[in-house]
Amino acid sequence: MGTAQPTSRQHLISQVLLKEFTMPEPKGGSRQLLPFDLHNPQRVHKRMPTSRCGWVENFVAVDSPSVEALWGDVERRVPAALAAVHAGTPFADPRHVAVLRDLVALHYIRSLHYRDAYTGAVERARTRLAAKVITQYPEQLRLEALRETGLHLSNPAALGAFAQRLIERSTESDKLFRTRIEDDFHKMRDLASTRRLEVITSETGQFLIGDNPALTLCAKGNRTIYGMPFEDAQTLLLPISPRHMLSLGTEDVSLTAPQSFVDHLNAVQVHAAHRYVYMHPGSGLETLVERAAQRRPAGDRTA
């Protein structure tokens, strides 16, 4: 049996979800969706196939086949569950409910939000550790710097930079990230299994999907706050088609959402996105996205 080859172009949004937002091109062309670049809202946005959307370079840079196999184990079971949602019978088979919850957990962990949180935590830990090493073992650190570089580092800033480099080498961040993301996916899947599944269907209008699509939310008065830890959130939402969204709640239930609710959650997707949102080419959502993009907060996770 051949060994799976590493892939540098790694999809953060499952193509099985992106395909839900596509339509066939005229004259028998391939199915395409409409990406909207929030960094360049005035540009002409062209339709694209799913293979060119929702990916980043080297999200998991080490041993990617291992983690891709983990994602694939979930994604292979998604089409049947989506078909049940479209048929109005998502709760008829417990296996569909389980895979839809797993799909939410997958997109919560396999996300730029998760990577940014991980990177920030690692950097803070490295800074604390470097400060501790400089304070407690300054002579040993100077001797190691002399051995490696031939330089006598007496300046605290230079010694600190050398300590940081030592710590970076010893922690091997890329390997730790791959291990951590696998472990956290299993933990998140277990947490999600303690919640029930809400399937939300739009009465009118369409949902779009952003490149950070699985969002924790809390409603406080007339504000919607997103991006808090799962344990602190009221719900975790994931759009799965132009007409359907999943929510982890307190009971297995099908709900309908009015246009105002759909528009609001679309704006939240825009605010939370890293750079792109994706929509069905016939949705007519470009104006809504342009308005929401103009109001995108810098660092404020409120919509």
# chains A, B, ... in the order shown; residues from 1 in each chain; ligands from 1
call {"tool": "select_by_dssp", "arguments": {"residues": "stretch 10-114 of chain A", "states": "alpha helix (DSSP H)", "output": "PyMOL selection string"}}
result
chain A and resi 15-18+64-75+78-86+94-109+112-114
call {"tool": "residues_around", "arguments": {"residues": "A:Leu191", "least_positions_apart": "5", "cutoff": "9 Å", "atoms": "only C-alpha atoms", "output": "PyMOL selection string"}}
result
chain A and resi 105+186+230-231
call {"tool": "write_last_selection", "arguments": {"atoms": "N, CA, C and O atoms", "output": "PDB file, in the first residue's frame"}}
result
ATOM      1  N   ALA A 105     -17.645  20.333  15.168  1.00  0.00           N
ATOM      2  CA  ALA A 105     -16.410  20.266  15.952  1.00  0.00           C
ATOM      3  C   ALA A 105     -15.180  20.366  15.060  1.00  0.00           C
ATOM      4  O   ALA A 105     -14.203  21.056  15.399  1.00  0.00           O
ATOM      5  N   HIS A 186     -10.365  15.581  19.154  1.00  0.00           N
ATOM      6  CA  HIS A 186     -11.030  14.500  19.890  1.00  0.00           C
ATOM      7  C   HIS A 186     -11.744  15.047  21.129  1.00  0.00           C
ATOM      8  O   HIS A 186     -12.871  14.647  21.437  1.00  0.00           O
ATOM      9  N   PHE A 230     -15.557  27.636  23.906  1.00  0.00           N
ATOM     10  CA  PHE A 230     -16.795  26.880  23.750  1.00  0.00           C
ATOM     11  C   PHE A 230     -17.556  26.757  25.061  1.00  0.00           C
ATOM     12  O   PHE A 230     -18.785  26.881  25.097  1.00  0.00           O
ATOM     13  N   GLU A 231     -16.834  26.535  26.159  1.00  0.00           N
ATOM     14  CA  GLU A 231     -17.491  26.347  27.452  1.00  0.00           C
ATOM     15  C   GLU A 231     -18.219  27.596  27.925  1.00  0.00           C
ATOM     16  O   GLU A 231     -19.137  27.513  28.744  1.00  0.00           O
TER      17      GLU A 231
END
call {"tool": "select_by_dssp", "arguments": {"residues": "stretch 104-290 of chain A", "states": "strand (DSSP E or B)", "output": "PyMOL selection string"}}
result
chain A and resi 196-202+209-210+215-220+223-226+235-241+244-249+253-257+276-279
call {"tool": "residues_around", "arguments": {"residues": "A:His271", "least_positions_apart": "6", "cutoff": "12 Å", "atoms": "only C-alpha atoms", "output": "PyMOL selection string"}}
result
chain A and resi 38-39+209-213+215+224-227+264-265+277+288-303
call {"tool": "write_last_selection", "arguments": {"atoms": "N, CA, C and O atoms", "output": "short mmCIF file (atom, residue, chain, number, x, y, z; two decimals), in the first residue's frame"}}
result
data_model
loop_
_atom_site.label_atom_id
_atom_site.label_comp_id
_atom_site.auth_asym_id
_atom_site.auth_seq_id
_atom_site.Cartn_x
_atom_site.Cartn_y
_atom_site.Cartn_z
N LEU A 38 -12.74 40.19 1.40
CA LEU A 38 -13.06 41.29 2.30
C LEU A 38 -11.93 42.32 2.38
O LEU A 38 -12.17 43.45 2.82
N HIS A 39 -10.73 41.95 1.98
CA HIS A 39 -9.63 42.91 1.95
C HIS A 39 -9.72 43.82 0.72
O HIS A 39 -9.09 44.89 0.69
N ILE A 209 -21.06 31.45 3.93
CA ILE A 209 -20.10 30.79 4.81
C ILE A 209 -18.77 31.53 4.73
O ILE A 209 -18.29 31.85 3.64
N GLY A 210 -18.18 31.83 5.88
CA GLY A 210 -16.90 32.52 5.93
C GLY A 210 -15.75 31.55 6.09
O GLY A 210 -15.94 30.35 6.29
N ASP A 211 -14.52 32.07 6.03
CA ASP A 211 -13.36 31.20 6.15
C ASP A 211 -12.99 30.90 7.60
O ASP A 211 -12.01 30.19 7.86
N ASN A 212 -13.76 31.42 8.55
CA ASN A 212 -13.75 30.97 9.95
C ASN A 212 -15.19 30.61 10.30
O ASN A 212 -15.85 31.32 11.07
N PRO A 213 -15.74 29.53 9.76
CA PRO A 213 -17.19 29.37 9.74
C PRO A 213 -17.84 28.90 11.02
O PRO A 213 -19.00 29.23 11.28
N LEU A 215 -18.59 29.24 14.67
CA LEU A 215 -18.45 30.37 15.58
C LEU A 215 -19.20 30.13 16.88
O LEU A 215 -20.37 29.79 16.88
N THR A 224 -24.37 40.71 19.72
CA THR A 224 -23.95 39.32 19.56
C THR A 224 -22.44 39.29 19.66
O THR A 224 -21.73 39.93 18.88
N ILE A 225 -21.93 38.56 20.64
CA ILE A 225 -20.49 38.43 20.86
C ILE A 225 -20.07 37.05 20.37
O ILE A 225 -20.75 36.06 20.63
N TYR A 226 -18.98 36.99 19.64
CA TYR A 226 -18.52 35.73 19.09
C TYR A 226 -17.05 35.51 19.43
O TYR A 226 -16.33 36.42 19.82
N GLY A 227 -16.63 34.24 19.31
CA GLY A 227 -15.22 33.92 19.45
C GLY A 227 -14.76 33.58 20.85
O GLY A 227 -13.56 33.45 21.09
N HIS A 264 -28.48 38.76 10.00
CA HIS A 264 -27.61 39.04 11.15
C HIS A 264 -26.49 38.02 11.24
O HIS A 264 -25.32 38.38 11.46
N LEU A 265 -26.82 36.74 11.09
CA LEU A 265 -25.79 35.71 11.18
C LEU A 265 -24.83 35.79 10.00
O LEU A 265 -23.63 35.48 10.14
N VAL A 277 -15.43 35.37 2.42
CA VAL A 277 -16.70 34.68 2.60
C VAL A 277 -17.11 34.12 1.25
O VAL A 277 -16.70 34.63 0.19
N LEU A 288 -25.12 43.08 1.00
CA LEU A 288 -25.04 42.84 2.44
C LEU A 288 -23.60 42.66 2.88
O LEU A 288 -23.18 43.21 3.91
N VAL A 289 -22.81 41.89 2.13
CA VAL A 289 -21.42 41.65 2.49
C VAL A 289 -20.62 42.94 2.43
O VAL A 289 -19.80 43.22 3.31
N GLU A 290 -20.85 43.76 1.40
CA GLU A 290 -20.14 45.03 1.30
C GLU A 290 -20.42 45.92 2.51
O GLU A 290 -19.51 46.54 3.07
N ARG A 291 -21.69 46.00 2.92
CA ARG A 291 -22.04 46.82 4.09
C ARG A 291 -21.40 46.27 5.35
O ARG A 291 -20.84 47.02 6.16
N ALA A 292 -21.48 44.94 5.54
CA ALA A 292 -20.91 44.33 6.73
C ALA A 292 -19.39 44.47 6.75
O ALA A 292 -18.79 44.68 7.80
N ALA A 293 -18.77 44.40 5.57
CA ALA A 293 -17.32 44.53 5.49
C ALA A 293 -16.87 45.93 5.91
O ALA A 293 -15.81 46.09 6.53
N GLN A 294 -17.66 46.94 5.60
CA GLN A 294 -17.32 48.30 5.99
C GLN A 294 -17.39 48.50 7.50
O GLN A 294 -16.72 49.38 8.05
N ARG A 295 -18.18 47.66 8.17
CA ARG A 295 -18.33 47.77 9.63
C ARG A 295 -17.50 46.76 10.38
O ARG A 295 -17.67 46.60 11.58
N ARG A 296 -16.60 46.06 9.66
CA ARG A 296 -15.82 45.02 10.33
C ARG A 296 -14.99 45.63 11.44
O ARG A 296 -14.19 46.54 11.23
N PRO A 297 -15.16 45.14 12.68
CA PRO A 297 -14.41 45.72 13.80
C PRO A 297 -12.98 45.23 13.80
O PRO A 297 -12.67 44.13 13.37
N ALA A 298 -12.07 46.07 14.30
CA ALA A 298 -10.66 45.70 14.45
C ALA A 298 -10.44 45.17 15.86
O ALA A 298 -10.30 45.94 16.80
N GLY A 299 -10.44 43.85 15.99
CA GLY A 299 -10.18 43.23 17.29
C GLY A 299 -11.39 43.10 18.18
O GLY A 299 -11.36 42.37 19.18
N ASP A 300 -12.49 43.77 17.87
CA ASP A 300 -13.70 43.70 18.68
C ASP A 300 -14.59 42.60 18.14
O ASP A 300 -15.03 42.65 16.99
N ARG A 301 -14.88 41.59 18.95
CA ARG A 301 -15.67 40.45 18.48
C ARG A 301 -17.13 40.63 18.84
O ARG A 301 -17.74 39.83 19.53
N THR A 302 -17.69 41.73 18.35
CA THR A 302 -19.09 42.05 18.57
C THR A 302 -19.75 42.35 17.24
O THR A 302 -19.16 43.03 16.40
N ALA A 303 -20.96 41.85 17.06
CA ALA A 303 -21.68 42.14 15.82
C ALA A 303 -23.10 42.55 16.14
O ALA A 303 -23.65 42.15 17.15
#
call {"tool": "residues_around", "arguments": {"residues": "stretch 148-158 of chain A", "least_positions_apart": "5", "cutoff": "10 Å", "atoms": "only C-alpha atoms", "output": "list of chain:residue names"}}
result
A:Ile134, A:Pro138, A:Glu139, A:Leu141, A:Arg142, A:Leu143, A:Ala163, A:Gln164
call {"tool": "residues_around", "arguments": {"residues": "stretch 21-33 of chain A", "least_positions_apart": "5", "cutoff": "7 Å", "atoms": "only C-alpha atoms", "output": "PDB file with N, CA and C atoms, in the first residue's frame"}}
result
ATOM      1  N   ARG A  47     -16.564  33.899 -10.008  1.00  0.00           N
ATOM      2  CA  ARG A  47     -16.910  32.560  -9.547  1.00  0.00           C
ATOM      3  C   ARG A  47     -15.709  31.624  -9.659  1.00  0.00           C
ATOM      4  N   MET A  48     -15.661  30.661  -8.742  1.00  0.00           N
ATOM      5  CA  MET A  48     -14.544  29.722  -8.738  1.00  0.00           C
ATOM      6  C   MET A  48     -15.031  28.341  -8.327  1.00  0.00           C
ATOM      7  N   PRO A  49     -14.300  27.288  -8.714  1.00  0.00           N
ATOM      8  CA  PRO A  49     -14.607  25.955  -8.216  1.00  0.00           C
ATOM      9  C   PRO A  49     -14.179  25.820  -6.752  1.00  0.00           C
ATOM     10  N   THR A  50     -14.722  24.854  -6.055  1.00  0.00           N
ATOM     11  CA  THR A  50     -14.420  24.692  -4.627  1.00  0.00           C
ATOM     12  C   THR A  50     -12.949  24.378  -4.380  1.00  0.00           C
ATOM     13  N   SER A 241     -25.304  25.054   4.238  1.00  0.00           N
ATOM     14  CA  SER A 241     -25.854  25.231   2.897  1.00  0.00           C
ATOM     15  C   SER A 241     -26.497  26.610   2.858  1.00  0.00           C
ATOM     16  N   PRO A 242     -26.894  27.103   1.694  1.00  0.00           N
ATOM     17  CA  PRO A 242     -27.573  28.393   1.639  1.00  0.00           C
ATOM     18  C   PRO A 242     -28.856  28.449   2.456  1.00  0.00           C
ATOM     19  N   TYR A 278     -17.898  33.060   1.288  1.00  0.00           N
ATOM     20  CA  TYR A 278     -18.305  32.361   0.068  1.00  0.00           C
ATOM     21  C   TYR A 278     -19.818  32.255   0.042  1.00  0.00           C
ATOM     22  N   MET A 279     -20.394  32.428  -1.153  1.00  0.00           N
ATOM     23  CA  MET A 279     -21.851  32.434  -1.268  1.00  0.00           C
ATOM     24  C   MET A 279     -22.287  31.784  -2.577  1.00  0.00           C
ATOM     25  N   HIS A 280     -23.542  31.404  -2.602  1.00  0.00           N
ATOM     26  CA  HIS A 280     -24.141  30.898  -3.839  1.00  0.00           C
ATOM     27  C   HIS A 280     -24.182  32.041  -4.847  1.00  0.00           C
ATOM     28  N   PRO A 281     -23.772  31.793  -6.106  1.00  0.00           N
ATOM     29  CA  PRO A 281     -23.726  32.889  -7.088  1.00  0.00           C
ATOM     30  C   PRO A 281     -25.053  33.599  -7.313  1.00  0.00           C
TER      31      PRO A 281
END
call {"tool": "residues_around", "arguments": {"residues": "A:Val104", "least_positions_apart": "4", "cutoff": "9 Å", "atoms": "only C-alpha atoms", "output": "tab-separated table (two decimals) with N, CA and C atoms, in the first residue's frame"}}
result
chain	number	residue	atom	x	y	z
A	99	VAL	N	-22.63	12.66	13.02
A	99	VAL	CA	-21.67	13.17	12.06
A	99	VAL	C	-21.83	14.68	11.87
A	100	LEU	N	-23.04	15.20	11.97
A	100	LEU	CA	-23.24	16.65	11.86
A	100	LEU	C	-22.61	17.37	13.05
A	108	TYR	N	-14.61	23.93	13.98
A	108	TYR	CA	-14.22	24.77	15.11
A	108	TYR	C	-12.71	24.64	15.37
A	109	ILE	N	-12.19	23.41	15.27
A	109	ILE	CA	-10.78	23.16	15.54
A	109	ILE	C	-9.91	23.45	14.32
A	189	ARG	N	-14.83	16.99	19.95
A	189	ARG	CA	-15.89	16.08	19.52
A	189	ARG	C	-16.62	15.49	20.73
A	192	ALA	N	-18.81	18.29	22.08
A	192	ALA	CA	-19.97	18.50	21.22
A	192	ALA	C	-21.01	17.40	21.40
A	214	ALA	N	-17.15	28.11	11.85
A	214	ALA	CA	-17.77	27.59	13.08
A	214	ALA	C	-17.52	28.58	14.21
A	236	LEU	N	-22.74	27.08	19.38
A	236	LEU	CA	-21.70	27.03	18.35
A	236	LEU	C	-22.40	26.78	17.04
A	237	LEU	N	-22.22	27.69	16.08
A	237	LEU	CA	-22.96	27.68	14.82
A	237	LEU	C	-22.06	27.33	13.64
A	238	LEU	N	-22.64	26.65	12.64
A	238	LEU	CA	-21.92	26.37	11.39
A	238	LEU	C	-22.91	26.37	10.24
A	246	LEU	N	-26.30	24.75	11.28
A	246	LEU	CA	-26.32	23.89	12.46
A	246	LEU	C	-25.98	24.70	13.69
A	247	SER	N	-26.59	24.32	14.81
A	247	SER	CA	-26.31	24.96	16.09
A	247	SER	C	-26.28	23.88	17.16
A	248	LEU	N	-25.32	23.95	18.06
A	248	LEU	CA	-25.27	23.03	19.19
A	248	LEU	C	-26.05	23.66	20.34
call {"tool": "closest_residue", "arguments": {"among": "A:Val97, A:Leu217, A:Glu286, A:Gly72", "to": "A:Gln42", "atoms": "only C-alpha atoms"}}
result
A:Glu286
call {"tool": "atom_distance", "arguments": {"atom1": "atom CA of A:Phe177", "atom2": "atom CA of A:Leu70"}}
result
14.8 Å
call {"tool": "residues_around", "arguments": {"residues": "stretch 54-69 of chain A", "least_positions_apart": "2", "cutoff": "6 Å", "atoms": "only C-alpha atoms", "output": "PyMOL selection string"}}
result
chain A and resi 4+6+8-13+71-72+175
call {"tool": "write_last_selection", "arguments": {"atoms": "N, CA and C atoms", "output": "compact mmCIF listing (two decimals), in the first residue's frame"}}
result
# COMPACT_ATOMS: atom_id res chain seq x y z
N ALA A 4 0.58 7.87 2.02
CA ALA A 4 -0.10 9.11 1.67
C ALA A 4 0.91 10.24 1.57
N PRO A 6 2.20 14.16 1.63
CA PRO A 6 1.83 15.42 2.28
C PRO A 6 1.22 16.39 1.27
N SER A 8 0.39 20.58 0.79
CA SER A 8 0.61 21.91 1.37
C SER A 8 -0.66 22.75 1.31
N ARG A 9 -1.50 22.50 0.28
CA ARG A 9 -2.75 23.26 0.15
C ARG A 9 -3.85 22.51 0.91
N GLN A 10 -4.16 22.99 2.10
CA GLN A 10 -5.06 22.27 3.00
C GLN A 10 -6.36 23.06 3.19
N HIS A 11 -7.47 22.39 2.90
CA HIS A 11 -8.78 23.04 3.02
C HIS A 11 -9.19 23.13 4.49
N LEU A 12 -9.54 24.35 4.91
CA LEU A 12 -10.11 24.54 6.24
C LEU A 12 -11.62 24.39 6.21
N ILE A 13 -12.24 24.72 5.09
CA ILE A 13 -13.67 24.46 4.90
C ILE A 13 -13.79 23.21 4.04
N TRP A 71 -9.56 14.14 9.41
CA TRP A 71 -10.65 14.95 8.87
C TRP A 71 -11.48 14.12 7.88
N GLY A 72 -10.79 13.35 7.04
CA GLY A 72 -11.48 12.58 6.01
C GLY A 72 -12.44 11.55 6.58
N LYS A 175 5.52 20.36 15.06
CA LYS A 175 5.14 19.02 15.51
C LYS A 175 4.14 19.08 16.66
call {"tool": "atom_distance", "arguments": {"atom1": "atom CA of A:Phe261", "atom2": "atom CA of A:Ser202"}}
result
8.5 Å
call {"tool": "closest_residue", "arguments": {"among": "A:Arg165, A:Arg76, A:Arg196, A:Arg128", "to": "A:Pro94", "atoms": "only C-alpha atoms"}}
result
A:Arg196
call {"tool": "closest_residue", "arguments": {"among": "A:Gln234, A:Thr256, A:Ser51, A:Ser283", "to": "A:Gly205", "atoms": "only C-alpha atoms"}}
result
A:Ser283
